[in-house]
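**Student:** File name input16.csv; file contents CSV, C-alpha atoms; full text below.
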chain,number,residue,atom,x,y,z
A,7,MET,CA,0.0,0.0,0.0
A,8,SER,CA,1.5,3.3,-1.0
A,9,TRP,CA,1.2,6.4,1.2
A,10,ASP,CA,0.6,9.9,0.0
A,11,TRP,CA,2.9,11.7,2.3
A,12,GLU,CA,2.3,15.1,0.9
A,13,LYS,CA,-1.5,14.9,1.2
A,14,LEU,CA,-1.1,13.7,4.8
A,15,LYS,CA,1.1,16.5,5.8
A,16,GLN,CA,-1.3,19.0,4.3
A,17,GLN,CA,-4.2,17.7,6.3
A,18,GLN,CA,-2.1,17.8,9.5
A,19,SER,CA,-1.2,21.4,8.9
A,20,ASN,CA,-4.8,22.4,8.3
A,21,SER,CA,-6.0,20.8,11.5
A,22,SER,CA,-3.2,22.4,13.6
A,23,GLY,CA,-3.9,25.9,12.1
A,24,SER,CA,-7.7,26.0,12.9
A,25,GLY,CA,-7.3,24.8,16.5
A,26,SER,CA,-10.4,22.5,16.4
A,27,PRO,CA,-11.2,19.1,14.9
A,28,PRO,CA,-12.7,18.9,11.5
A,29,GLN,CA,-16.1,17.6,12.9
A,30,ILE,CA,-16.6,20.6,15.0
A,31,ASP,CA,-15.9,23.0,12.2
A,32,ASP,CA,-18.5,21.2,10.1
A,33,PHE,CA,-21.1,21.5,12.9
A,34,LEU,CA,-20.5,25.2,13.3
A,35,ASN,CA,-20.8,25.8,9.6
A,36,LYS,CA,-24.1,24.0,9.5
A,37,ILE,CA,-25.5,26.1,12.4
A,38,LYS,CA,-24.4,29.4,10.7
A,39,SER,CA,-26.1,28.3,7.5
A,40,PHE,CA,-29.3,27.2,9.2
A,41,LYS,CA,-32.4,29.6,9.1
A,42,PHE,CA,-35.3,29.1,11.6
A,43,ALA,CA,-38.6,29.3,9.7
A,44,GLY,CA,-41.4,31.5,11.3
A,45,GLY,CA,-39.1,32.8,14.2
A,46,PRO,CA,-40.5,36.4,14.3
A,47,ILE,CA,-44.0,35.2,14.5
A,48,ILE,CA,-43.4,33.0,17.5
A,49,ILE,CA,-41.5,35.9,19.2
A,50,LEU,CA,-44.4,38.2,18.5
A,51,ILE,CA,-46.8,35.6,20.0
A,52,PHE,CA,-44.7,35.4,23.2
A,53,ILE,CA,-44.7,39.2,23.5
A,54,LEU,CA,-48.5,39.3,23.1
A,55,LEU,CA,-49.0,36.6,25.7
A,56,PHE,CA,-46.8,38.5,28.1
A,57,LEU,CA,-48.6,41.7,27.5
A,58,GLY,CA,-52.0,40.0,27.8
A,59,SER,CA,-51.1,38.4,31.1
A,60,SER,CA,-49.9,41.6,32.6
A,61,MET,CA,-52.7,43.8,31.2
A,62,PHE,CA,-55.7,41.7,32.2
A,63,PHE,CA,-56.3,40.5,35.8
A,64,LYS,CA,-59.0,39.1,37.9
A,65,VAL,CA,-60.1,40.5,41.3
A,66,GLY,CA,-61.8,38.1,43.7
A,67,ILE,CA,-65.1,38.7,45.3
A,68,ASP,CA,-63.6,39.3,48.7
A,69,GLU,CA,-60.9,41.7,47.6
A,70,VAL,CA,-60.1,44.8,45.7
A,71,ALA,CA,-57.1,45.8,43.6
A,72,VAL,CA,-55.1,48.9,44.2
A,73,VAL,CA,-53.5,50.1,40.9
A,74,GLN,CA,-50.4,52.3,40.8
A,75,ARG,CA,-49.0,54.0,37.7
A,76,PHE,CA,-45.3,54.5,37.9
A,77,GLY,CA,-45.6,54.1,41.6
A,78,LYS,CA,-48.4,56.6,42.1
A,79,TYR,CA,-51.9,55.5,43.2
A,80,VAL,CA,-54.5,56.0,40.4
A,81,ARG,CA,-57.6,53.9,41.2
A,82,THR,CA,-59.1,51.0,43.2
A,83,SER,CA,-60.6,48.2,41.1
A,84,GLN,CA,-63.6,46.2,42.3
A,85,PRO,CA,-64.2,42.4,41.9
A,86,GLY,CA,-64.3,41.1,38.4
A,87,LEU,CA,-62.1,40.9,35.3
A,88,ARG,CA,-60.1,44.2,35.0
A,89,PHE,CA,-57.7,45.9,32.7
A,90,LYS,CA,-54.5,47.8,33.3
A,91,PHE,CA,-51.4,49.0,31.4
A,92,PRO,CA,-48.6,46.5,31.0
A,93,ALA,CA,-46.1,45.7,33.7
A,94,GLY,CA,-43.6,48.5,34.2
A,95,ILE,CA,-46.3,51.1,33.7
A,96,GLU,CA,-49.0,50.0,36.1
A,97,LYS,CA,-48.8,47.7,39.0
A,98,LYS,CA,-51.7,46.0,40.9
A,99,THR,CA,-51.9,45.0,44.6
A,100,LEU,CA,-54.7,42.7,45.7
A,101,ILE,CA,-56.1,43.5,49.2
A,102,LYS,CA,-58.7,41.2,50.9
A,103,VAL,CA,-61.1,43.7,52.4
A,104,LYS,CA,-63.7,41.2,53.6
A,105,ARG,CA,-61.3,38.8,55.4
A,106,VAL,CA,-61.1,39.0,59.1
A,107,TYR,CA,-57.5,38.9,60.3
A,108,LYS,CA,-56.4,38.0,63.8
A,109,GLU,CA,-53.6,39.0,66.0
A,110,GLU,CA,-52.9,37.1,69.3
A,111,PHE,CA,-51.1,38.7,72.3
A,112,GLY,CA,-49.8,36.8,75.2
A,113,PHE,CA,-50.2,33.3,73.8
A,114,ARG,CA,-49.9,31.5,70.5
A,115,GLY,CA,-52.6,29.3,68.9
A,116,ALA,CA,-52.0,25.9,67.5
A,117,ARG,CA,-54.5,23.7,65.7
A,118,SER,CA,-54.7,20.0,66.6
A,119,GLY,CA,-57.4,18.4,64.5
A,120,ASP,CA,-60.6,20.4,64.9
A,121,SER,CA,-59.8,21.7,68.4
A,122,ARG,CA,-58.0,24.9,69.2
A,123,GLN,CA,-55.2,24.8,71.8
A,124,PHE,CA,-53.5,27.8,73.2
A,125,THR,CA,-50.0,28.0,74.6
A,126,SER,CA,-49.1,30.4,77.3
A,127,SER,CA,-46.8,33.3,76.5
A,128,ALA,CA,-44.4,32.2,79.2
A,129,GLU,CA,-43.2,29.5,76.8
A,130,SER,CA,-42.3,32.2,74.2
A,131,SER,CA,-39.7,35.0,74.4
A,132,SER,CA,-42.3,37.7,74.5
A,133,ASN,CA,-43.5,39.1,77.8
A,134,VAL,CA,-46.3,41.2,76.2
A,135,SER,CA,-48.9,39.7,78.5
A,136,LEU,CA,-47.2,40.8,81.8
A,137,MET,CA,-48.8,44.0,82.9
A,138,LEU,CA,-48.7,46.2,86.0
A,139,THR,CA,-52.2,47.0,87.4
A,140,GLY,CA,-53.3,50.1,89.1
A,141,ASP,CA,-52.8,48.6,92.6
A,142,LEU,CA,-49.2,47.7,91.7
A,143,ASN,CA,-49.8,44.0,91.1
A,144,VAL,CA,-48.5,42.0,88.1
A,145,ALA,CA,-51.1,40.3,85.9
A,146,VAL,CA,-50.9,38.0,82.9
A,147,VAL,CA,-53.3,39.4,80.4
A,148,PRO,CA,-53.7,37.6,77.1
A,149,TRP,CA,-56.0,38.9,74.4
A,150,ILE,CA,-57.0,38.5,70.7
A,151,VAL,CA,-57.6,41.3,68.2
A,152,GLN,CA,-59.7,40.6,65.1
A,153,TYR,CA,-59.7,43.3,62.4
A,154,ARG,CA,-60.5,44.0,58.7
A,155,ILE,CA,-58.9,46.3,56.1
A,156,ASN,CA,-61.6,48.9,55.5
A,157,ASP,CA,-59.4,51.4,53.5
A,158,PRO,CA,-56.8,49.7,51.3
A,159,VAL,CA,-55.2,52.9,50.1
A,160,LYS,CA,-54.4,54.1,53.7
A,161,TYR,CA,-53.4,50.6,54.6
A,162,LEU,CA,-50.8,50.4,51.8
A,163,PHE,CA,-49.5,54.0,51.6
A,164,GLU,CA,-50.1,55.8,54.9
A,165,VAL,CA,-48.4,53.4,57.2
A,166,HIS,CA,-45.1,51.6,56.6
A,167,ASN,CA,-45.9,48.4,58.6
A,168,PRO,CA,-49.6,48.2,59.5
A,169,GLN,CA,-49.2,44.9,61.4
A,170,LYS,CA,-46.5,46.2,63.6
A,171,LEU,CA,-48.4,49.4,64.1
A,172,LEU,CA,-51.5,47.4,65.2
A,173,SER,CA,-49.4,45.2,67.5
A,174,GLN,CA,-47.8,48.2,69.2
A,175,MET,CA,-51.0,50.3,69.5
A,176,SER,CA,-52.9,47.3,70.8
A,177,GLU,CA,-50.4,46.6,73.5
A,178,SER,CA,-50.3,50.3,74.4
A,179,ALA,CA,-54.1,50.6,74.7
A,180,MET,CA,-54.4,47.4,76.8
A,181,ARG,CA,-51.6,48.5,79.2
A,182,MET,CA,-53.2,51.9,79.6
A,183,VAL,CA,-56.6,50.4,80.5
A,184,VAL,CA,-55.2,47.7,82.8
A,185,GLY,CA,-53.0,50.3,84.5
A,186,ASP,CA,-56.1,52.1,85.7
A,187,ARG,CA,-57.7,49.0,87.2
A,188,SER,CA,-57.0,46.9,90.3
A,189,ILE,CA,-56.0,43.2,90.0
A,190,ASP,CA,-59.5,42.1,91.1
A,191,GLU,CA,-61.1,44.2,88.3
A,192,VAL,CA,-58.7,42.9,85.7
A,193,ILE,CA,-59.6,39.3,86.6
A,194,SER,CA,-63.4,39.8,87.1
A,195,LYS,CA,-64.3,42.6,84.6
A,196,ARG,CA,-62.6,41.3,81.4
A,197,LYS,CA,-65.6,42.3,79.1
A,198,GLU,CA,-65.6,45.9,80.4
A,199,ILE,CA,-61.8,46.2,80.0
A,200,ALA,CA,-61.9,44.6,76.5
A,201,ASP,CA,-64.6,47.1,75.3
A,202,GLU,CA,-62.7,50.1,76.6
A,203,SER,CA,-59.5,48.9,75.1
A,204,GLN,CA,-61.2,48.3,71.7
A,205,GLY,CA,-62.5,51.9,71.6
A,206,LEU,CA,-59.2,53.3,72.6
A,207,LEU,CA,-57.3,51.2,70.0
A,208,GLN,CA,-59.7,52.1,67.2
A,209,LYS,CA,-59.3,55.8,68.0
A,210,GLU,CA,-55.5,55.6,67.8
A,211,LEU,CA,-55.7,53.6,64.5
A,212,ASN,CA,-58.0,56.2,63.0
A,213,GLU,CA,-55.7,59.0,64.0
A,214,ALA,CA,-52.8,57.1,62.4
A,215,ASN,CA,-54.7,56.7,59.1
A,216,SER,CA,-54.0,52.9,59.2
A,217,GLY,CA,-57.1,51.9,57.2
A,218,ILE,CA,-57.8,49.1,59.8
A,219,LYS,CA,-61.2,48.5,61.4
A,220,ILE,CA,-61.3,46.5,64.7
A,221,VAL,CA,-64.0,43.9,64.7
A,222,THR,CA,-63.6,42.5,68.2
A,223,LEU,CA,-61.1,42.6,71.0
A,224,GLU,CA,-61.4,39.6,73.4
A,225,MET,CA,-59.6,39.0,76.6
A,226,LYS,CA,-58.7,35.5,77.5
A,227,ARG,CA,-58.4,34.0,81.0
A,228,THR,CA,-56.5,36.6,83.2
A,229,ASN,CA,-54.4,35.5,86.1
A,230,VAL,CA,-51.3,36.4,88.1
A,231,PRO,CA,-47.8,34.9,87.3
A,232,GLY,CA,-47.1,31.4,88.5
A,233,PRO,CA,-44.4,32.4,91.1
A,234,VAL,CA,-46.8,34.7,93.0
A,235,GLN,CA,-49.9,32.5,92.6
A,236,PRO,CA,-49.7,31.0,96.2
A,237,SER,CA,-49.3,34.5,97.8
A,238,PHE,CA,-52.1,35.8,95.6
A,239,ASN,CA,-54.4,33.0,96.7
A,240,GLU,CA,-53.6,33.8,100.4
A,241,VAL,CA,-54.5,37.4,99.8
A,242,ASN,CA,-57.7,36.5,98.1
A,243,GLN,CA,-58.6,34.2,101.0
A,244,ALA,CA,-57.9,36.9,103.5
A,245,VAL,CA,-60.0,39.4,101.5
A,246,GLN,CA,-62.9,36.9,101.4
A,247,GLU,CA,-62.6,36.3,105.1
A,248,LYS,CA,-62.6,40.1,105.6
A,249,GLU,CA,-65.7,40.4,103.4
A,250,LYS,CA,-67.4,37.6,105.3
A,251,LEU,CA,-66.8,39.3,108.7
A,252,ILE,CA,-68.0,42.6,107.3
A,253,TYR,CA,-71.1,40.9,106.0
A,254,GLU,CA,-71.8,39.3,109.4
A,255,ALA,CA,-71.2,42.6,111.2
A,256,LYS,CA,-73.6,44.3,108.8
A,257,GLU,CA,-76.1,41.6,109.4
A,258,ASP,CA,-75.9,42.0,113.2
A,259,TYR,CA,-76.0,45.8,112.7
A,260,ASN,CA,-79.2,45.4,110.6
A,261,LYS,CA,-80.7,43.3,113.4
A,262,ALA,CA,-79.6,45.3,116.4
A,263,ILE,CA,-80.1,48.9,115.2
A,264,PRO,CA,-83.8,48.5,114.1
A,265,ALA,CA,-84.6,46.8,117.4
A,266,ALA,CA,-82.9,49.5,119.4
A,267,ARG,CA,-84.7,52.2,117.4
A,268,GLY,CA,-88.0,50.4,118.0
A,269,THR,CA,-87.3,50.2,121.7
A,270,ALA,CA,-86.3,53.9,121.8
A,271,GLU,CA,-89.4,54.9,119.9
A,272,ARG,CA,-91.6,52.8,122.2
A,273,THR,CA,-90.0,54.4,125.3
A,274,ILE,CA,-90.4,57.9,123.9
A,275,LYS,CA,-94.1,57.2,123.1
A,276,TYR,CA,-94.6,55.8,126.6
A,277,ALA,CA,-92.9,58.8,128.1
A,278,GLU,CA,-95.0,61.2,126.0
A,279,GLY,CA,-98.2,59.3,127.0
A,280,TYR,CA,-97.2,59.4,130.7
A,281,ALA,CA,-96.5,63.1,130.5
A,282,ILE,CA,-99.8,63.8,128.9
A,283,ASP,CA,-101.6,61.7,131.5
A,284,ARG,CA,-99.8,63.4,134.4
A,285,VAL,CA,-100.6,66.8,132.9
A,286,ASN,CA,-104.2,66.0,132.4
A,287,ARG,CA,-104.5,64.5,135.9
A,288,SER,CA,-102.8,67.6,137.4
A,289,GLU,CA,-105.1,69.9,135.4
A,290,GLY,CA,-108.1,67.9,136.6
A,291,ASP,CA,-106.9,68.0,140.2
A,292,VAL,CA,-106.4,71.7,140.0
A,293,SER,CA,-109.8,72.2,138.5
A,294,ARG,CA,-111.4,70.1,141.2
A,295,PHE,CA,-109.5,71.9,143.9
A,296,LEU,CA,-110.5,75.3,142.5
A,297,ALA,CA,-114.2,74.1,142.4
A,298,ILE,CA,-114.0,72.9,146.0
A,299,TYR,CA,-112.3,76.1,147.1
A,300,LYS,CA,-115.0,78.2,145.5
A,301,GLU,CA,-117.7,76.3,147.5
A,302,TYR,CA,-115.5,76.4,150.6
A,303,ALA,CA,-115.2,80.2,150.3
A,304,LYS,CA,-118.9,80.5,150.1
A,305,ALA,CA,-119.5,78.6,153.5
A,306,ARG,CA,-116.3,77.8,155.1
A,307,ASP,CA,-117.6,76.3,158.3
A,308,ILE,CA,-120.1,74.1,156.6
A,309,THR,CA,-117.7,73.0,153.9
A,310,LYS,CA,-115.0,72.3,156.4
A,311,ARG,CA,-117.3,70.1,158.4
A,312,ARG,CA,-118.5,68.3,155.3
A,313,LEU,CA,-115.0,67.6,154.2
A,314,TYR,CA,-114.1,66.4,157.7
A,315,LEU,CA,-117.2,64.1,157.7
A,316,GLU,CA,-116.5,62.8,154.2
A,317,MET,CA,-112.9,62.0,155.2
A,318,LEU,CA,-114.1,60.1,158.3
A,319,GLU,CA,-116.7,58.3,156.3
A,320,GLU,CA,-114.0,57.2,154.0
A,321,LEU,CA,-111.5,56.3,156.7
A,322,TYR,CA,-113.6,54.5,159.3
A,323,PRO,CA,-114.5,51.5,157.3
A,324,LYS,CA,-110.8,50.7,156.9
A,325,LEU,CA,-110.2,50.7,160.7
A,326,ASP,CA,-110.5,47.4,162.6
A,327,GLN,CA,-111.0,48.7,166.2
A,328,LYS,CA,-112.3,52.1,167.1
A,329,TYR,CA,-111.9,53.9,170.5
A,330,ILE,CA,-113.9,57.0,171.2
A,331,ILE,CA,-112.3,59.2,173.9
A,332,ASP,CA,-113.9,62.0,175.6
A,333,SER,CA,-112.3,65.3,174.8
A,334,ASP,CA,-112.1,66.0,178.6
A,335,GLN,CA,-110.0,62.9,179.2
A,336,LYS,CA,-106.6,64.0,180.6
A,337,SER,CA,-104.7,60.7,180.6
A,338,ILE,CA,-104.7,57.7,178.3
A,339,LEU,CA,-103.3,55.3,180.9
A,340,PRO,CA,-106.6,53.5,181.5
A,341,LEU,CA,-106.8,52.8,177.8
A,342,LEU,CA,-103.5,50.9,177.5
A,343,ASN,CA,-104.9,47.5,178.4
A,344,LEU,CA,-107.9,47.7,176.2
A,345,GLY,CA,-106.4,45.6,173.4
A,346,LYS,CA,-105.2,42.9,175.8
A,347,GLU,CA,-108.6,42.5,177.2
A,348,ILE,CA,-110.1,42.0,173.8
A,349,GLY,CA,-107.4,39.5,172.9
A,350,GLY,CA,-108.0,37.5,176.2
A,351,LYS,CA,-111.7,37.0,175.5
Taking this structure as input, can you express it in the form of structure tokens?
**Tutor:**
Amino acid sequence: MSWDWEKLKQQQSNSSGSGSPPQIDDFLNKIKSFKFAGGPIIILIFILLFLGSSMFFKVGIDEVAVVQRFGKYVRTSQPGLRFKFPAGIEKKTLIKVKRVYKEEFGFRGARSGDSRQFTSSAESSSNVSLMLTGDLNVAVVPWIVQYRINDPVKYLFEVHNPQKLLSQMSESAMRMVVGDRSIDEVISKRKEIADESQGLLQKELNEANSGIKIVTLEMKRTNVPGPVQPSFNEVNQAVQEKEKLIYEAKEDYNKAIPAARGTAERTIKYAEGYAIDRVNRSEGDVSRFLAIYKEYAKARDITKRRLYLEMLEELYPKLDQKYIIDSDQKSILPLLNLGKEIGGK
């Protein structure tokens, strides 16, 4: 077999000059010569699909769309299929205005099946539920805030972080209300405190132009921290014992005071009746004496004798033994044995 040394050397020199194998060169040449049929049309279709997807959008029944043009608010779109300028010109933000959101303070919620279980805030790093009451006691006050977005424009553009604002204002309002109450009121009057806190929180949110409407504010079970629970129970027991003693004292008071007032009233009425009787009797005696005196003045001797006889008539029947002594009798010695003689018979 004869070798063509010149042709072989020429092929080696061509391969070393191009820097790539002959197969790769052929592949590159084929790519350069290839023309894609219908390429502009497909590119146009992709552009139209992109523009259509960014120009038409759907707003749900429970939400609205806030549209911005070059970053400036221009309109609010209601539920339905809506149109806007392409992306880069106009931008939409969907806000659910009918959904009720919830913020929990002092505990965290966890779902287990269909039941709702709450975990105490003592297990978390936040001490938001620890509050100082008006009588300088510490209480654990967990609560829940439910709210809606009633003004999407204010919610998006007036406040930088609405959730953080709501959290801070809710805590501030609750601490302000709890700080004016005693520990007993915080434990027993949760509904009253929740209503007052809700009104105060809504007022602050309105002044901040937050666009948030508070639906409900509910206080959960309020108590004192665990380390002071035994002391708190002793204080409550002492307070209950005190109230019991006060109640018993009031009961005795209500029994004794009316009885004493009745006795005093009866004594006063008796004294008044006795005074009236004595006055009437005295007036009657005076009238009788005056009448007798008038008759006595008319005939003194006769009246004097009549009074004397009437007195003897009244007195004699009451005497057992009667002795009549002559007025001329000078000595009563003979009469000393009269009684013994009668007794000896």
**Student:** Select all residues near (-52.9, 51.7, 28.9) (cut-off 12 Å, inclusive, file coordinates), counting only C-alpha atoms, and output them as a list in words.
**Tutor:**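 Final list of nearby residues, as requested, is Leu57, Gly58, Ser60, Met61, Phe62, Arg75, Phe89, Lys90, Phe91, Pro92, Ala93, Gly94, Ile95, Glu96 and Lys97 of chain A.
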**Student:** Quick one: of A:Gln74, A:Ser203, A:Gln327, A:Ser194, who's nearest to Ser176 in chain A, counting all atoms listed in the file?
**Tutor:**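 Among A:Gln74, A:Ser203, A:Gln327, A:Ser194, it is A:Ser203 that comes nearest to Ser176 in chain A.
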**Student:** Take CA of Ile331 in chain A and CA of Leu318 in chain A and report the distance between them in Å, one decimal.
**Tutor:**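 A separation of 15.7 Å between them.
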**Student:** Measuring atom to atom with only C-alpha atoms, identify which of A:Lys275, A:Arg312, A:His166, A:Lys64 is nearest to Gly86 in chain A.
**Tutor:**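 Nearest to Gly86 in chain A: A:Lys64.
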**Student:** To one decimal place in Å, what is the distance between CA of Met225 in chain A and CA of Phe113 in chain A?
**Tutor:** 11.3 Å
**Student:** I'd like the contact shell of Phe111 in chain A - 9 Å cut-off, only C-alpha atoms, skipping same-chain residues fewer than 5 positions apart - returned as a PDB file with C-alpha atoms, in the coordinates of the input.
**Tutor:**
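Output file out.pdb is given in full below:
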ATOM      1  CA  SER A 127     -46.800  33.300  76.500  1.00  0.00           C
ATOM      2  CA  VAL A 134     -46.300  41.200  76.200  1.00  0.00           C
ATOM      3  CA  SER A 135     -48.900  39.700  78.500  1.00  0.00           C
ATOM      4  CA  VAL A 147     -53.300  39.400  80.400  1.00  0.00           C
ATOM      5  CA  PRO A 148     -53.700  37.600  77.100  1.00  0.00           C
ATOM      6  CA  TRP A 149     -56.000  38.900  74.400  1.00  0.00           C
ATOM      7  CA  ILE A 150     -57.000  38.500  70.700  1.00  0.00           C
ATOM      8  CA  VAL A 151     -57.600  41.300  68.200  1.00  0.00           C
ATOM      9  CA  SER A 173     -49.400  45.200  67.500  1.00  0.00           C
ATOM     10  CA  SER A 176     -52.900  47.300  70.800  1.00  0.00           C
ATOM     11  CA  GLU A 177     -50.400  46.600  73.500  1.00  0.00           C
TER      12      GLU A 177
END
**Student:** Some atoms are missing, so please complete range 235-254 of chain A with N, CA and C atoms and return it as a PDB file, in the coordinates of the input.
**Tutor:**
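Done, and the output landed in result_6.pdb:
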ATOM      1  N   GLN A 235     -48.548  33.065  92.508  1.00  0.00           N
ATOM      2  CA  GLN A 235     -49.900  32.500  92.600  1.00  0.00           C
ATOM      3  C   GLN A 235     -50.257  32.116  94.053  1.00  0.00           C
ATOM      4  N   PRO A 236     -49.371  31.390  94.785  1.00  0.00           N
ATOM      5  CA  PRO A 236     -49.700  31.000  96.200  1.00  0.00           C
ATOM      6  C   PRO A 236     -49.987  32.261  97.062  1.00  0.00           C
ATOM      7  N   SER A 237     -49.136  33.270  96.954  1.00  0.00           N
ATOM      8  CA  SER A 237     -49.300  34.500  97.800  1.00  0.00           C
ATOM      9  C   SER A 237     -50.629  35.181  97.368  1.00  0.00           C
ATOM     10  N   PHE A 238     -50.905  35.195  96.087  1.00  0.00           N
ATOM     11  CA  PHE A 238     -52.100  35.800  95.600  1.00  0.00           C
ATOM     12  C   PHE A 238     -53.366  35.095  96.144  1.00  0.00           C
ATOM     13  N   ASN A 239     -53.296  33.762  96.179  1.00  0.00           N
ATOM     14  CA  ASN A 239     -54.400  33.000  96.700  1.00  0.00           C
ATOM     15  C   ASN A 239     -54.616  33.277  98.198  1.00  0.00           C
ATOM     16  N   GLU A 240     -53.502  33.429  98.950  1.00  0.00           N
ATOM     17  CA  GLU A 240     -53.600  33.800 100.400  1.00  0.00           C
ATOM     18  C   GLU A 240     -54.270  35.137 100.551  1.00  0.00           C
ATOM     19  N   VAL A 241     -53.877  36.081  99.707  1.00  0.00           N
ATOM     20  CA  VAL A 241     -54.500  37.400  99.800  1.00  0.00           C
ATOM     21  C   VAL A 241     -55.965  37.352  99.487  1.00  0.00           C
ATOM     22  N   ASN A 242     -56.324  36.601  98.456  1.00  0.00           N
ATOM     23  CA  ASN A 242     -57.700  36.500  98.100  1.00  0.00           C
ATOM     24  C   ASN A 242     -58.529  35.819  99.252  1.00  0.00           C
ATOM     25  N   GLN A 243     -57.923  34.810  99.875  1.00  0.00           N
ATOM     26  CA  GLN A 243     -58.600  34.200 101.000  1.00  0.00           C
ATOM     27  C   GLN A 243     -58.787  35.120 102.156  1.00  0.00           C
ATOM     28  N   ALA A 244     -57.761  35.930 102.434  1.00  0.00           N
ATOM     29  CA  ALA A 244     -57.900  36.900 103.500  1.00  0.00           C
ATOM     30  C   ALA A 244     -58.950  37.966 103.167  1.00  0.00           C
ATOM     31  N   VAL A 245     -58.993  38.375 101.900  1.00  0.00           N
ATOM     32  CA  VAL A 245     -60.000  39.400 101.500  1.00  0.00           C
ATOM     33  C   VAL A 245     -61.408  38.760 101.623  1.00  0.00           C
ATOM     34  N   GLN A 246     -61.552  37.498 101.232  1.00  0.00           N
ATOM     35  CA  GLN A 246     -62.900  36.900 101.400  1.00  0.00           C
ATOM     36  C   GLN A 246     -63.257  36.726 102.833  1.00  0.00           C
ATOM     37  N   GLU A 247     -62.294  36.384 103.704  1.00  0.00           N
ATOM     38  CA  GLU A 247     -62.600  36.300 105.100  1.00  0.00           C
ATOM     39  C   GLU A 247     -62.992  37.671 105.675  1.00  0.00           C
ATOM     40  N   LYS A 248     -62.293  38.701 105.222  1.00  0.00           N
ATOM     41  CA  LYS A 248     -62.600  40.100 105.600  1.00  0.00           C
ATOM     42  C   LYS A 248     -64.047  40.433 105.198  1.00  0.00           C
ATOM     43  N   GLU A 249     -64.367  40.133 103.938  1.00  0.00           N
ATOM     44  CA  GLU A 249     -65.700  40.400 103.400  1.00  0.00           C
ATOM     45  C   GLU A 249     -66.768  39.653 104.186  1.00  0.00           C
ATOM     46  N   LYS A 250     -66.430  38.406 104.563  1.00  0.00           N
ATOM     47  CA  LYS A 250     -67.400  37.600 105.300  1.00  0.00           C
ATOM     48  C   LYS A 250     -67.657  38.229 106.692  1.00  0.00           C
ATOM     49  N   LEU A 251     -66.578  38.665 107.375  1.00  0.00           N
ATOM     50  CA  LEU A 251     -66.800  39.300 108.700  1.00  0.00           C
ATOM     51  C   LEU A 251     -67.541  40.601 108.550  1.00  0.00           C
ATOM     52  N   ILE A 252     -67.246  41.364 107.515  1.00  0.00           N
ATOM     53  CA  ILE A 252     -68.000  42.600 107.300  1.00  0.00           C
ATOM     54  C   ILE A 252     -69.465  42.326 107.063  1.00  0.00           C
ATOM     55  N   TYR A 253     -69.732  41.280 106.279  1.00  0.00           N
ATOM     56  CA  TYR A 253     -71.100  40.900 106.000  1.00  0.00           C
ATOM     57  C   TYR A 253     -71.840  40.501 107.273  1.00  0.00           C
ATOM     58  N   GLU A 254     -71.167  39.686 108.104  1.00  0.00           N
ATOM     59  CA  GLU A 254     -71.800  39.300 109.400  1.00  0.00           C
ATOM     60  C   GLU A 254     -72.001  40.455 110.284  1.00  0.00           C
TER      61      GLU A 254
END
